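Visitor: Contents are TSV, C-alpha atoms; file name work_20.tsv:
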```
chain	number	residue	atom	x	y	z
A	514	MET	CA	7.04	-21.26	145.63
A	515	ASN	CA	5.30	-19.08	143.11
A	516	ALA	CA	6.22	-19.21	139.45
A	517	PRO	CA	9.18	-16.90	138.75
A	518	ASP	CA	8.40	-13.46	137.38
A	519	SER	CA	8.41	-13.81	133.59
A	520	GLY	CA	10.15	-10.43	133.40
A	521	HIS	CA	13.25	-11.73	135.16
A	522	PRO	CA	15.62	-14.53	134.22
A	523	LEU	CA	15.17	-17.83	136.03
A	524	ARG	CA	18.07	-18.17	138.45
A	525	VAL	CA	19.43	-21.71	138.07
A	526	PHE	CA	22.21	-22.97	140.31
A	527	TYR	CA	24.05	-25.97	138.84
A	528	ILE	CA	25.98	-28.54	140.90
A	529	GLY	CA	28.06	-31.04	138.93
A	530	ALA	CA	31.13	-33.23	138.81
A	531	GLY	CA	33.59	-34.03	136.06
A	532	ASP	CA	35.29	-31.92	133.41
A	533	PRO	CA	32.94	-30.29	130.88
A	534	VAL	CA	35.79	-28.20	129.46
A	535	SER	CA	37.99	-31.12	128.31
A	536	PRO	CA	35.68	-34.16	128.49
A	537	ARG	CA	37.33	-37.53	129.13
A	538	SER	CA	34.38	-39.60	130.35
A	539	GLY	CA	30.74	-40.00	129.46
A	540	MET	CA	29.79	-38.02	132.54
A	541	ASP	CA	31.94	-35.13	131.28
A	542	VAL	CA	30.37	-35.21	127.82
A	543	VAL	CA	26.83	-35.11	129.19
A	544	ALA	CA	27.63	-32.37	131.71
A	545	ARG	CA	29.12	-30.23	128.95
A	546	GLY	CA	25.95	-30.52	126.91
A	547	HIS	CA	23.71	-29.72	129.86
A	548	ILE	CA	25.69	-26.64	130.93
A	549	ALA	CA	25.94	-25.36	127.36
A	550	GLU	CA	22.20	-25.66	126.83
A	551	LEU	CA	21.33	-23.82	130.03
A	552	ALA	CA	23.96	-21.15	129.44
A	553	GLN	CA	22.61	-20.45	125.95
A	554	SER	CA	19.03	-20.05	127.12
A	555	PRO	CA	18.22	-16.32	127.07
A	556	ASP	CA	15.83	-16.37	130.02
A	557	ILE	CA	18.03	-18.43	132.37
A	558	ALA	CA	20.67	-16.84	134.60
A	559	LEU	CA	23.06	-19.75	135.16
A	560	SER	CA	25.58	-20.04	137.96
A	561	GLY	CA	26.98	-22.96	139.88
A	562	VAL	CA	29.84	-25.24	140.70
A	563	PHE	CA	31.48	-28.30	139.24
A	564	ALA	CA	34.37	-30.21	140.76
A	565	THR	CA	36.86	-31.99	138.58
A	566	LEU	CA	39.79	-34.30	139.24
A	567	PRO	CA	43.11	-33.01	140.63
A	568	ALA	CA	45.58	-31.62	138.09
A	569	ASP	CA	48.13	-28.87	137.75
A	570	GLY	CA	46.61	-25.43	137.60
A	571	PRO	CA	43.12	-24.17	138.43
A	572	ALA	CA	40.02	-25.80	137.01
A	573	PRO	CA	38.61	-23.75	134.13
A	574	SER	CA	35.06	-22.49	134.30
A	575	PHE	CA	32.48	-23.19	131.63
A	576	GLY	CA	29.21	-21.55	130.65
A	577	GLY	CA	29.06	-19.41	133.78
A	578	VAL	CA	29.64	-22.41	136.07
A	579	THR	CA	32.79	-22.24	138.22
A	580	GLY	CA	35.17	-25.19	138.22
A	581	PHE	CA	37.20	-26.41	141.20
A	582	ARG	CA	39.93	-29.01	141.39
A	583	ALA	CA	39.44	-31.85	143.88
A	584	ASP	CA	41.64	-31.64	146.94
A	585	THR	CA	43.83	-34.70	146.42
A	586	ALA	CA	44.26	-37.60	144.03
A	587	LYS	CA	44.76	-40.13	146.84
A	588	PRO	CA	42.59	-39.28	149.85
A	589	PRO	CA	43.96	-40.58	153.15
A	590	ARG	CA	42.25	-43.53	154.81
A	591	GLY	CA	40.64	-41.34	157.46
A	592	ARG	CA	39.07	-39.10	154.85
A	593	LYS	CA	37.61	-42.10	153.05
A	594	LEU	CA	35.97	-43.27	156.28
A	595	ARG	CA	34.56	-39.81	157.03
A	596	HIS	CA	33.29	-39.55	153.49
A	597	MET	CA	31.41	-42.83	153.76
A	598	LEU	CA	30.04	-42.08	157.24
A	599	SER	CA	28.65	-38.79	155.92
A	600	GLY	CA	26.35	-40.79	153.64
A	601	LYS	CA	28.28	-40.27	150.42
A	602	LEU	CA	29.33	-42.89	147.90
A	603	LEU	CA	33.00	-43.81	148.01
A	604	MET	CA	33.01	-43.63	144.20
A	605	SER	CA	32.51	-39.85	144.49
A	606	ILE	CA	35.49	-39.15	146.77
A	607	GLY	CA	37.71	-38.23	143.84
A	608	PHE	CA	35.63	-35.06	143.38
A	609	VAL	CA	35.72	-33.81	146.99
A	610	SER	CA	36.79	-30.16	147.15
A	611	GLU	CA	36.51	-27.96	150.23
A	612	ALA	CA	36.50	-24.88	148.00
A	613	ALA	CA	33.67	-26.36	145.94
A	614	ARG	CA	31.73	-27.17	149.10
A	615	ARG	CA	32.01	-23.56	150.27
A	616	ALA	CA	30.93	-22.29	146.86
A	617	VAL	CA	27.91	-24.62	146.86
A	618	ARG	CA	26.96	-23.50	150.36
A	619	ASP	CA	27.17	-19.83	149.34
A	620	GLY	CA	25.25	-20.50	146.14
A	621	LEU	CA	22.40	-22.19	147.98
A	622	ALA	CA	22.35	-19.42	150.58
A	623	ALA	CA	21.69	-16.94	147.75
A	624	LYS	CA	18.31	-18.65	147.28
A	625	PRO	CA	18.26	-19.48	143.57
A	626	ASP	CA	14.92	-20.25	141.95
A	627	ILE	CA	15.91	-23.85	141.31
A	628	VAL	CA	18.94	-26.12	141.71
A	629	VAL	CA	20.19	-28.70	139.20
A	630	VAL	CA	22.13	-31.68	140.60
A	631	ASP	CA	23.80	-33.29	137.60
A	632	HIS	CA	24.79	-36.91	138.44
A	633	ILE	CA	24.88	-38.62	141.81
A	634	GLN	CA	28.65	-37.97	141.95
A	635	ALA	CA	27.86	-34.27	142.36
A	636	LEU	CA	26.81	-35.11	145.93
A	637	ALA	CA	30.52	-35.21	146.78
A	638	ASN	CA	30.25	-31.49	147.55
A	639	VAL	CA	26.70	-30.97	148.76
A	640	SER	CA	24.86	-32.58	151.63
A	641	LEU	CA	22.08	-34.93	150.62
A	642	TRP	CA	20.16	-33.77	153.69
A	643	ARG	CA	20.53	-30.13	152.62
A	644	LEU	CA	18.77	-30.98	149.38
A	645	LEU	CA	16.09	-33.14	150.97
A	646	VAL	CA	15.04	-30.74	153.74
A	647	GLY	CA	15.84	-27.45	152.00
A	648	ARG	CA	13.12	-25.23	150.61
A	649	THR	CA	14.77	-24.58	147.26
A	650	PRO	CA	13.37	-26.98	144.66
A	651	PHE	CA	15.89	-29.09	142.79
A	652	VAL	CA	16.13	-31.11	139.62
A	653	PHE	CA	18.06	-34.37	139.76
A	654	VAL	CA	19.78	-35.60	136.60
A	655	GLY	CA	20.38	-39.35	136.71
A	656	HIS	CA	23.03	-40.57	134.25
A	657	ASN	CA	22.35	-44.25	134.85
A	658	VAL	CA	20.84	-46.69	137.34
A	659	THR	CA	23.74	-46.52	139.78
A	660	PRO	CA	22.83	-49.63	141.81
A	661	ASP	CA	22.82	-51.71	138.62
A	662	THR	CA	26.21	-50.33	137.63
A	663	LEU	CA	27.70	-51.27	141.00
A	664	LEU	CA	26.12	-54.71	141.12
A	665	ASP	CA	27.40	-55.49	137.65
A	666	ALA	CA	30.86	-54.27	138.65
A	667	ALA	CA	30.70	-56.65	141.61
A	668	ARG	CA	30.06	-59.58	139.29
A	669	LEU	CA	33.26	-58.79	137.43
A	670	ARG	CA	35.47	-58.67	140.54
A	671	THR	CA	37.50	-61.67	141.67
A	672	SER	CA	37.94	-60.55	145.28
A	673	ARG	CA	35.17	-61.63	147.61
A	674	ALA	CA	35.73	-58.57	149.82
A	675	SER	CA	35.54	-56.27	146.81
A	676	ARG	CA	32.31	-57.89	145.63
A	677	LEU	CA	30.77	-57.49	149.08
A	678	PHE	CA	31.77	-53.82	149.31
A	679	LEU	CA	30.32	-53.00	145.90
A	680	ARG	CA	27.05	-54.70	146.81
A	681	LEU	CA	26.83	-52.65	149.99
A	682	GLU	CA	27.58	-49.49	148.01
A	683	ALA	CA	24.85	-50.49	145.55
A	684	LEU	CA	22.38	-50.62	148.45
A	685	GLN	CA	23.59	-47.24	149.67
A	686	SER	CA	23.23	-45.74	146.19
A	687	TRP	CA	19.70	-47.13	145.84
A	688	ILE	CA	18.67	-45.43	149.10
A	689	MET	CA	20.26	-42.16	148.01
A	690	GLU	CA	18.76	-42.19	144.52
A	691	ALA	CA	15.35	-43.16	145.84
A	692	ALA	CA	15.44	-40.23	148.26
A	693	LEU	CA	16.48	-37.83	145.51
A	694	LEU	CA	13.85	-39.08	143.08
A	695	LEU	CA	11.07	-38.86	145.65
A	696	ARG	CA	12.03	-35.33	146.73
A	697	ALA	CA	13.07	-33.80	143.39
A	698	ARG	CA	10.71	-31.39	141.69
A	699	LEU	CA	11.77	-33.07	138.46
A	700	SER	CA	14.02	-36.02	137.58
A	701	VAL	CA	15.81	-36.03	134.24
A	702	PHE	CA	17.15	-39.28	132.80
A	703	ILE	CA	19.41	-39.43	129.78
A	704	SER	CA	17.83	-42.75	128.79
A	705	HIS	CA	14.14	-43.63	128.55
A	706	THR	CA	15.09	-47.14	129.73
A	707	ASP	CA	16.32	-45.73	133.04
A	708	ALA	CA	13.26	-43.50	133.31
A	709	GLU	CA	11.07	-46.59	133.07
A	710	ARG	CA	13.10	-48.35	135.74
A	711	TYR	CA	12.38	-45.58	138.24
A	712	ARG	CA	8.84	-44.78	137.18
A	713	HIS	CA	7.43	-46.17	140.44
A	714	LEU	CA	9.39	-43.49	142.34
A	715	THR	CA	8.95	-40.50	140.02
A	716	GLY	CA	5.49	-40.93	138.56
A	717	SER	CA	4.97	-38.10	136.08
A	718	ARG	CA	7.72	-35.96	137.62
A	719	ALA	CA	10.36	-37.20	135.17
A	720	VAL	CA	11.52	-36.73	131.61
A	721	ALA	CA	13.86	-38.76	129.43
A	722	LEU	CA	16.19	-36.49	127.46
A	723	CYS	CA	18.93	-38.20	125.50
A	724	PRO	CA	21.85	-35.73	125.20
A	725	VAL	CA	23.01	-33.94	122.09
A	726	ILE	CA	26.68	-33.68	121.14
A	727	GLU	CA	28.08	-30.81	119.14
A	728	ARG	CA	30.15	-31.86	116.15
A	729	ASP	CA	32.37	-30.14	113.63
A	730	GLU	CA	30.83	-30.60	110.17
A	731	SER	CA	34.19	-29.93	108.50
A	732	VAL	CA	35.60	-33.12	110.04
A	733	ALA	CA	33.42	-35.25	107.77
A	734	ARG	CA	35.17	-33.84	104.72
A	735	THR	CA	38.55	-35.34	105.64
A	736	GLY	CA	39.69	-38.94	105.44
A	737	ASP	CA	40.95	-41.60	103.02
A	738	ASP	CA	40.22	-45.14	101.84
A	739	ARG	CA	41.97	-46.66	104.85
A	740	ASP	CA	39.66	-44.80	107.22
A	741	ALA	CA	36.65	-46.20	105.35
A	742	ARG	CA	37.89	-49.74	106.00
A	743	ARG	CA	38.26	-49.28	109.74
A	744	VAL	CA	36.03	-51.05	112.26
A	745	LEU	CA	36.37	-49.10	115.50
A	746	PHE	CA	36.15	-49.97	119.16
A	747	ILE	CA	36.45	-47.11	121.66
A	748	GLY	CA	37.17	-47.78	125.31
A	749	SER	CA	39.94	-48.34	127.81
A	750	PRO	CA	40.58	-51.83	129.23
A	751	GLY	CA	40.81	-50.21	132.65
A	752	PHE	CA	37.01	-50.30	132.74
A	753	PRO	CA	35.88	-53.94	133.23
A	754	PRO	CA	32.93	-53.86	130.76
A	755	ASN	CA	35.30	-52.54	128.08
A	756	ARG	CA	37.85	-55.21	128.92
A	757	SER	CA	35.29	-57.94	128.34
A	758	ALA	CA	34.33	-56.39	125.00
A	759	ILE	CA	37.98	-56.11	123.91
A	760	ASP	CA	38.57	-59.76	124.79
A	761	TRP	CA	35.64	-60.84	122.61
A	762	ILE	CA	36.83	-58.80	119.64
A	763	VAL	CA	40.44	-60.02	119.89
A	764	ARG	CA	39.63	-63.67	120.55
A	765	GLU	CA	36.44	-64.22	118.58
A	766	LEU	CA	35.81	-61.55	115.96
A	767	ALA	CA	39.19	-60.42	114.62
A	768	PRO	CA	40.51	-63.95	113.91
A	769	ARG	CA	37.37	-64.80	111.95
A	770	LEU	CA	37.63	-61.59	109.92
A	771	LEU	CA	41.24	-62.48	109.12
A	772	GLN	CA	40.37	-66.07	108.21
A	773	ARG	CA	37.64	-64.83	105.85
A	774	ASP	CA	40.04	-62.25	104.40
A	775	VAL	CA	37.55	-59.44	105.03
A	776	PRO	CA	39.38	-56.24	103.93
A	777	VAL	CA	38.99	-54.27	107.18
A	778	THR	CA	41.20	-53.21	110.07
A	779	VAL	CA	39.90	-53.49	113.62
A	780	SER	CA	41.12	-50.31	115.33
A	781	PHE	CA	41.14	-49.95	119.11
A	782	ILE	CA	40.98	-46.45	120.58
A	783	GLY	CA	41.62	-45.94	124.29
A	784	GLY	CA	44.39	-45.53	126.81
A	785	GLY	CA	46.08	-48.80	127.74
A	786	THR	CA	44.89	-50.79	124.73
A	787	ARG	CA	48.41	-51.32	123.36
A	788	ASP	CA	49.71	-52.84	126.58
A	789	TYR	CA	46.57	-54.88	127.18
A	790	ILE	CA	46.28	-56.40	123.71
A	791	GLY	CA	50.00	-56.88	123.13
A	792	PRO	CA	51.39	-57.61	119.66
A	793	PRO	CA	48.30	-57.29	117.45
A	794	ALA	CA	47.22	-59.54	114.59
A	795	THR	CA	47.76	-58.24	111.06
A	796	ASN	CA	44.18	-56.95	110.86
A	797	VAL	CA	44.27	-55.25	114.25
A	798	GLU	CA	45.77	-51.90	115.27
A	799	THR	CA	45.92	-50.17	118.65
A	800	LEU	CA	45.75	-46.39	118.39
A	801	GLY	CA	45.81	-45.68	122.12
A	802	PHE	CA	44.42	-42.40	123.34
A	803	VAL	CA	43.43	-39.98	120.57
A	804	ALA	CA	42.28	-36.38	120.82
A	805	ASP	CA	38.59	-35.58	120.45
A	806	ALA	CA	38.97	-34.10	116.97
A	807	GLU	CA	40.81	-37.17	115.69
A	808	MET	CA	38.29	-39.54	117.26
A	809	GLU	CA	35.44	-37.62	115.60
A	810	ARG	CA	37.27	-37.79	112.28
A	811	LEU	CA	37.74	-41.55	112.58
A	812	LEU	CA	34.09	-42.05	113.53
A	813	SER	CA	32.90	-39.87	110.66
A	814	GLN	CA	34.84	-41.98	108.13
A	815	CYS	CA	34.89	-45.54	109.55
A	816	LEU	CA	32.99	-48.49	108.15
A	817	CYS	CA	31.25	-48.95	111.50
A	818	MET	CA	31.78	-48.88	115.24
A	819	LEU	CA	31.55	-51.97	117.44
A	820	SER	CA	29.92	-52.03	120.86
A	821	PRO	CA	29.91	-55.67	122.06
A	822	VAL	CA	29.13	-54.56	125.62
A	823	VAL	CA	27.12	-56.83	127.90
A	824	HIS	CA	27.97	-55.24	131.26
A	825	GLY	CA	27.17	-51.95	132.96
A	826	SER	CA	24.06	-49.76	132.87
A	827	GLY	CA	22.90	-46.45	131.51
A	828	LEU	CA	23.27	-44.80	128.13
A	829	LYS	CA	26.50	-45.73	126.36
A	830	ILE	CA	28.16	-42.40	125.60
A	831	LYS	CA	30.58	-43.84	123.03
A	832	VAL	CA	27.56	-45.06	121.07
A	833	LEU	CA	26.08	-41.57	121.37
A	834	GLU	CA	29.31	-40.07	120.01
A	835	ALA	CA	29.31	-42.54	117.13
A	836	PHE	CA	25.76	-41.64	116.13
A	837	ALA	CA	26.58	-37.93	116.40
A	838	ALA	CA	29.45	-38.46	113.96
A	839	GLY	CA	27.23	-40.42	111.56
A	840	ALA	CA	28.83	-43.82	112.18
A	841	PRO	CA	26.78	-47.02	111.88
A	842	VAL	CA	26.96	-49.05	115.09
A	843	LEU	CA	27.03	-52.82	115.41
A	844	ALA	CA	25.97	-53.32	119.01
A	845	THR	CA	24.38	-55.61	121.56
A	846	PRO	CA	20.88	-54.94	122.88
A	847	LEU	CA	22.39	-53.54	126.11
A	848	SER	CA	24.56	-51.08	124.19
A	849	LEU	CA	21.52	-49.73	122.32
A	850	GLN	CA	19.28	-49.22	125.35
A	851	GLY	CA	17.94	-45.68	125.15
A	852	PHE	CA	18.66	-45.31	121.42
A	853	GLY	CA	15.38	-46.56	120.00
A	854	PHE	CA	14.88	-43.23	118.20
A	855	MET	CA	17.93	-43.98	116.03
A	856	GLY	CA	16.28	-47.00	114.40
A	857	GLN	CA	19.44	-49.14	114.67
A	858	PRO	CA	18.55	-52.75	115.58
A	859	PRO	CA	20.95	-54.80	117.74
A	860	MET	CA	23.36	-56.58	115.41
A	861	LEU	CA	25.79	-58.27	117.80
A	862	ASP	CA	25.24	-61.54	119.61
A	863	LEU	CA	28.41	-62.54	121.44
A	864	ALA	CA	27.43	-66.19	121.13
A	865	ASP	CA	27.41	-65.85	117.32
A	866	PRO	CA	30.55	-64.00	116.13
A	867	ASP	CA	30.16	-65.47	112.62
A	868	ALA	CA	26.99	-63.42	112.13
A	869	ALA	CA	28.95	-60.28	113.01
A	870	VAL	CA	31.63	-61.26	110.49
A	871	ASN	CA	28.95	-61.65	107.81
A	872	ARG	CA	27.54	-58.20	108.51
A	873	ILE	CA	30.95	-56.52	108.43
A	874	ALA	CA	31.92	-58.40	105.26
A	875	ALA	CA	28.69	-57.32	103.57
A	876	LEU	CA	29.31	-53.64	104.39
A	877	ALA	CA	32.94	-53.86	103.26
A	878	ALA	CA	31.90	-55.44	99.95
A	879	ASP	CA	29.15	-52.94	99.15
A	880	PRO	CA	30.21	-49.26	99.47
A	881	VAL	CA	26.78	-48.12	98.28
A	882	ALA	CA	25.05	-50.02	101.09
A	883	ALA	CA	27.59	-48.70	103.61
A	884	ALA	CA	26.99	-45.12	102.45
A	885	SER	CA	23.23	-45.62	102.61
A	886	LEU	CA	23.46	-46.88	106.19
A	887	ARG	CA	25.60	-43.88	107.13
A	888	ASP	CA	23.05	-41.51	105.57
A	889	GLN	CA	20.31	-43.22	107.56
A	890	VAL	CA	22.27	-42.63	110.77
A	891	ARG	CA	22.81	-38.98	109.93
A	892	ARG	CA	19.13	-38.39	109.16
A	893	ALA	CA	18.04	-40.05	112.40
A	894	TRP	CA	20.58	-38.03	114.39
A	895	SER	CA	19.47	-34.76	112.78
A	896	ALA	CA	15.88	-35.53	113.71
A	897	HIS	CA	16.95	-36.21	117.30
A	898	VAL	CA	18.88	-32.94	117.51
A	899	ALA	CA	15.86	-31.00	116.25
A	900	ALA	CA	13.50	-32.70	118.70
A	901	ARG	CA	15.89	-32.37	121.64
A	902	HIS	CA	16.79	-28.69	121.12
A	903	GLY	CA	16.19	-26.69	124.31
A	904	ALA	CA	14.22	-29.49	125.98
A	905	LEU	CA	16.26	-29.52	129.20
A	906	ALA	CA	15.90	-25.78	129.69
A	907	ASP	CA	12.17	-26.03	128.96
A	908	ALA	CA	11.73	-28.83	131.49
A	909	ILE	CA	13.57	-26.87	134.19
A	910	ARG	CA	11.44	-23.80	133.55
A	911	VAL	CA	8.30	-25.86	133.97
A	912	ALA	CA	9.66	-27.49	137.14
A	913	ALA	CA	10.43	-24.09	138.62
A	914	GLY	CA	6.84	-23.04	137.96
A	915	ARG	CA	5.47	-26.06	139.81
A	916	ARG	CA	3.56	-27.30	136.81
A	917	ARG	CA	3.36	-30.96	136.00
A	918	VAL	CA	5.81	-32.39	133.48
A	919	HIS	CA	4.79	-35.56	131.65
A	920	ARG	CA	7.41	-38.17	130.93
A	921	THR	CA	8.71	-38.78	127.43
A	922	GLY	CA	10.45	-41.75	125.88
```
In structure tokens, how does this file's structure come out?

Guide:
Amino acid sequence: MNAPDSGHPLRVFYIGAGDPVSPRSGMDVVARGHIAELAQSPDIALSGVFATLPADGPAPSFGGVTGFRADTAKPPRGRKLRHMLSGKLLMSIGFVSEAARRAVRDGLAAKPDIVVVDHIQALANVSLWRLLVGRTPFVFVGHNVTPDTLLDAARLRTSRASRLFLRLEALQSWIMEAALLLRARLSVFISHTDAERYRHLTGSRAVALCPVIERDESVARTGDDRDARRVLFIGSPGFPPNRSAIDWIVRELAPRLLQRDVPVTVSFIGGGTRDYIGPPATNVETLGFVADAEMERLLSQCLCMLSPVVHGSGLKIKVLEAFAAGAPVLATPLSLQGFGFMGQPPMLDLADPDAAVNRIAALAADPVAAASLRDQVRRAWSAHVAARHGALADAIRVAAGRRRVHRTG
């Protein structure tokens, strides 16, 4: 394919999954940023499809990309089998939409200049073979190393049958991702750590582009002394890696903070936390689900955010949101993978909760040091935003022109 005529917009067809309009998951947050960036680029004509979970009413569109609701919340057994036999991951069945499939088929038939497949779950509504053998070049956006995610999930399961199934799905996902990475004109990873993991498959045809999150600057001007004494954890116990982190905070960290009389409140944000934790200790509160604006306000004012996560793979979106809001993060090495540009060293070792208590106590006792650390986070985030501005759109333009793109990160 020849490079597109510079006098005409580059026609980009986007295929995604999740809800970029009202983000609930990390996948949603990243998709929103990607669509917004492409839609705002003056020389890109963006169209496409995203499928979101079933709900009342039609799925709203965003940035020129049309949304579709998935067909059903509980697919019948026969549909699950057909889905798997078609070479798709069972984890993507929640986004299956016949209307979205038809829209994708029509969009590809219109012969766009380039296609963007945002997340492996987007394959719920497009044939992998259509991408691999089709003539239209495509960009694959990998949100994590899916096989690692599935294998880690298997380690957390108690059922032998469930562990076996997840391991088989991990093998299936590795085959699918390898095929996509080998065939894609360009692969985009949201973490340089993941880009390195797949370097043997992508060579120089990959870039690492950590997302950018929009934030409301006015939020930072609200808050009180209680907010400044909060130590936040964000995540639902319905996700096994979060459940393990919550257990560590409740059993190891919070009691030591209380025993030392450190003047902080450990605040849990996430659906299901109240029921899971039960009656909290005097220095613990469960806020449950909070709206995005309130969560941003809490992050912008808190003493710090905790991320004692030692399971899962890929960029931790809650950590990304914390940095975007200017919150210092006390995290494990796994939680900070992909965030080297922020200059925040790992400060949590689950085998040494007393060290975490010392760090939190030091911040609580020294408001000047806490403010200085917050300023450092904000400066690092501002530098990232400036460096990242328009980089995805630029990379897609280059990929459409068949020029080589050198990896970053």

Visitor: Could you give me, as a PyMOL selection string, the residues within 6 Å of stretch 634-636 of chain A, counting only C-alpha atoms and dropping anything in the same chain fewer than 4 positions from it?

Guide: chain A and resi 529-530+605

Visitor: Need to verify the contact set: A:Arg728, 10 Å, all atoms listed in the file, exclusion of same-chain residues closer than 6 positions in sequence. Can you return it as JSON, numbers by chain?

Guide: {"A": [806, 809, 834, 837, 838]}

Visitor: Give me the residues within 10 Å of A:Arg769 as a PyMOL selection string, counting only C-alpha atoms and dropping any in the same chain fewer than 6 places off.

Guide: chain A and resi 762-763+775+866-867+869-871

Visitor: As a list in words, please: the residues near A:Arg739 (cut-off 10 Å, all atoms listed in the file, same-chain neighbours under 6 positions excluded).

Guide: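 Listing them by chain and then by number gives Pro776, Val777, Thr778, Gln814, Cys815 and Leu816 of chain A.
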
Visitor: So which one's closest to A:Asp805, A:Ser538, A:Pro567, A:Val525, A:Leu695? Using all atoms listed in the file, please.

Guide: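 Smallest distance to A:Asp805 is found for A:Ser538.
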
Visitor: Would you work out the distance separating atom CA of A:Thr845 from atom CA of A:Leu861, expressed in Å to one decimal?

Guide: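 Pair atom CA of A:Thr845 / atom CA of A:Leu861 returns 4.8 Å.
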
Visitor: What separation in Å, quoted to one decimal, exists between atom CA of A:Leu551 and atom CA of A:Ile726?

Guide: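 Separating atom CA of A:Leu551 from atom CA of A:Ile726 is a distance of 14.3 Å.
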
Visitor: Mind giving me the straight-line distance from atom CA of A:Gly791 to atom CA of A:Ile830 in Å, one decimal?

Guide: 26.3 Å

Visitor: Restricting the calculation to all atoms listed in the file: of A:Leu745, A:Ile759, A:Ala893, A:Val562, which residue gets closest to A:Lys831?

Guide: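 Counting all atoms listed in the file, the residue closest to A:Lys831 is A:Leu745.
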
Visitor: Please, which residues are within 10 Å of (26.6, -28.7, 127.9) by the file's coordinates, counting all atoms listed in the file, and could they come as a tab-separated table (two decimals) with C-alpha atoms, in the coordinates of the input?

Guide:
```
chain	number	residue	atom	x	y	z
A	533	PRO	CA	32.94	-30.29	130.88
A	534	VAL	CA	35.79	-28.20	129.46
A	541	ASP	CA	31.94	-35.13	131.28
A	542	VAL	CA	30.37	-35.21	127.82
A	543	VAL	CA	26.83	-35.11	129.19
A	544	ALA	CA	27.63	-32.37	131.71
A	545	ARG	CA	29.12	-30.23	128.95
A	546	GLY	CA	25.95	-30.52	126.91
A	547	HIS	CA	23.71	-29.72	129.86
A	548	ILE	CA	25.69	-26.64	130.93
A	549	ALA	CA	25.94	-25.36	127.36
A	550	GLU	CA	22.20	-25.66	126.83
A	551	LEU	CA	21.33	-23.82	130.03
A	552	ALA	CA	23.96	-21.15	129.44
A	553	GLN	CA	22.61	-20.45	125.95
A	575	PHE	CA	32.48	-23.19	131.63
A	576	GLY	CA	29.21	-21.55	130.65
A	724	PRO	CA	21.85	-35.73	125.20
A	725	VAL	CA	23.01	-33.94	122.09
A	726	ILE	CA	26.68	-33.68	121.14
A	727	GLU	CA	28.08	-30.81	119.14
```
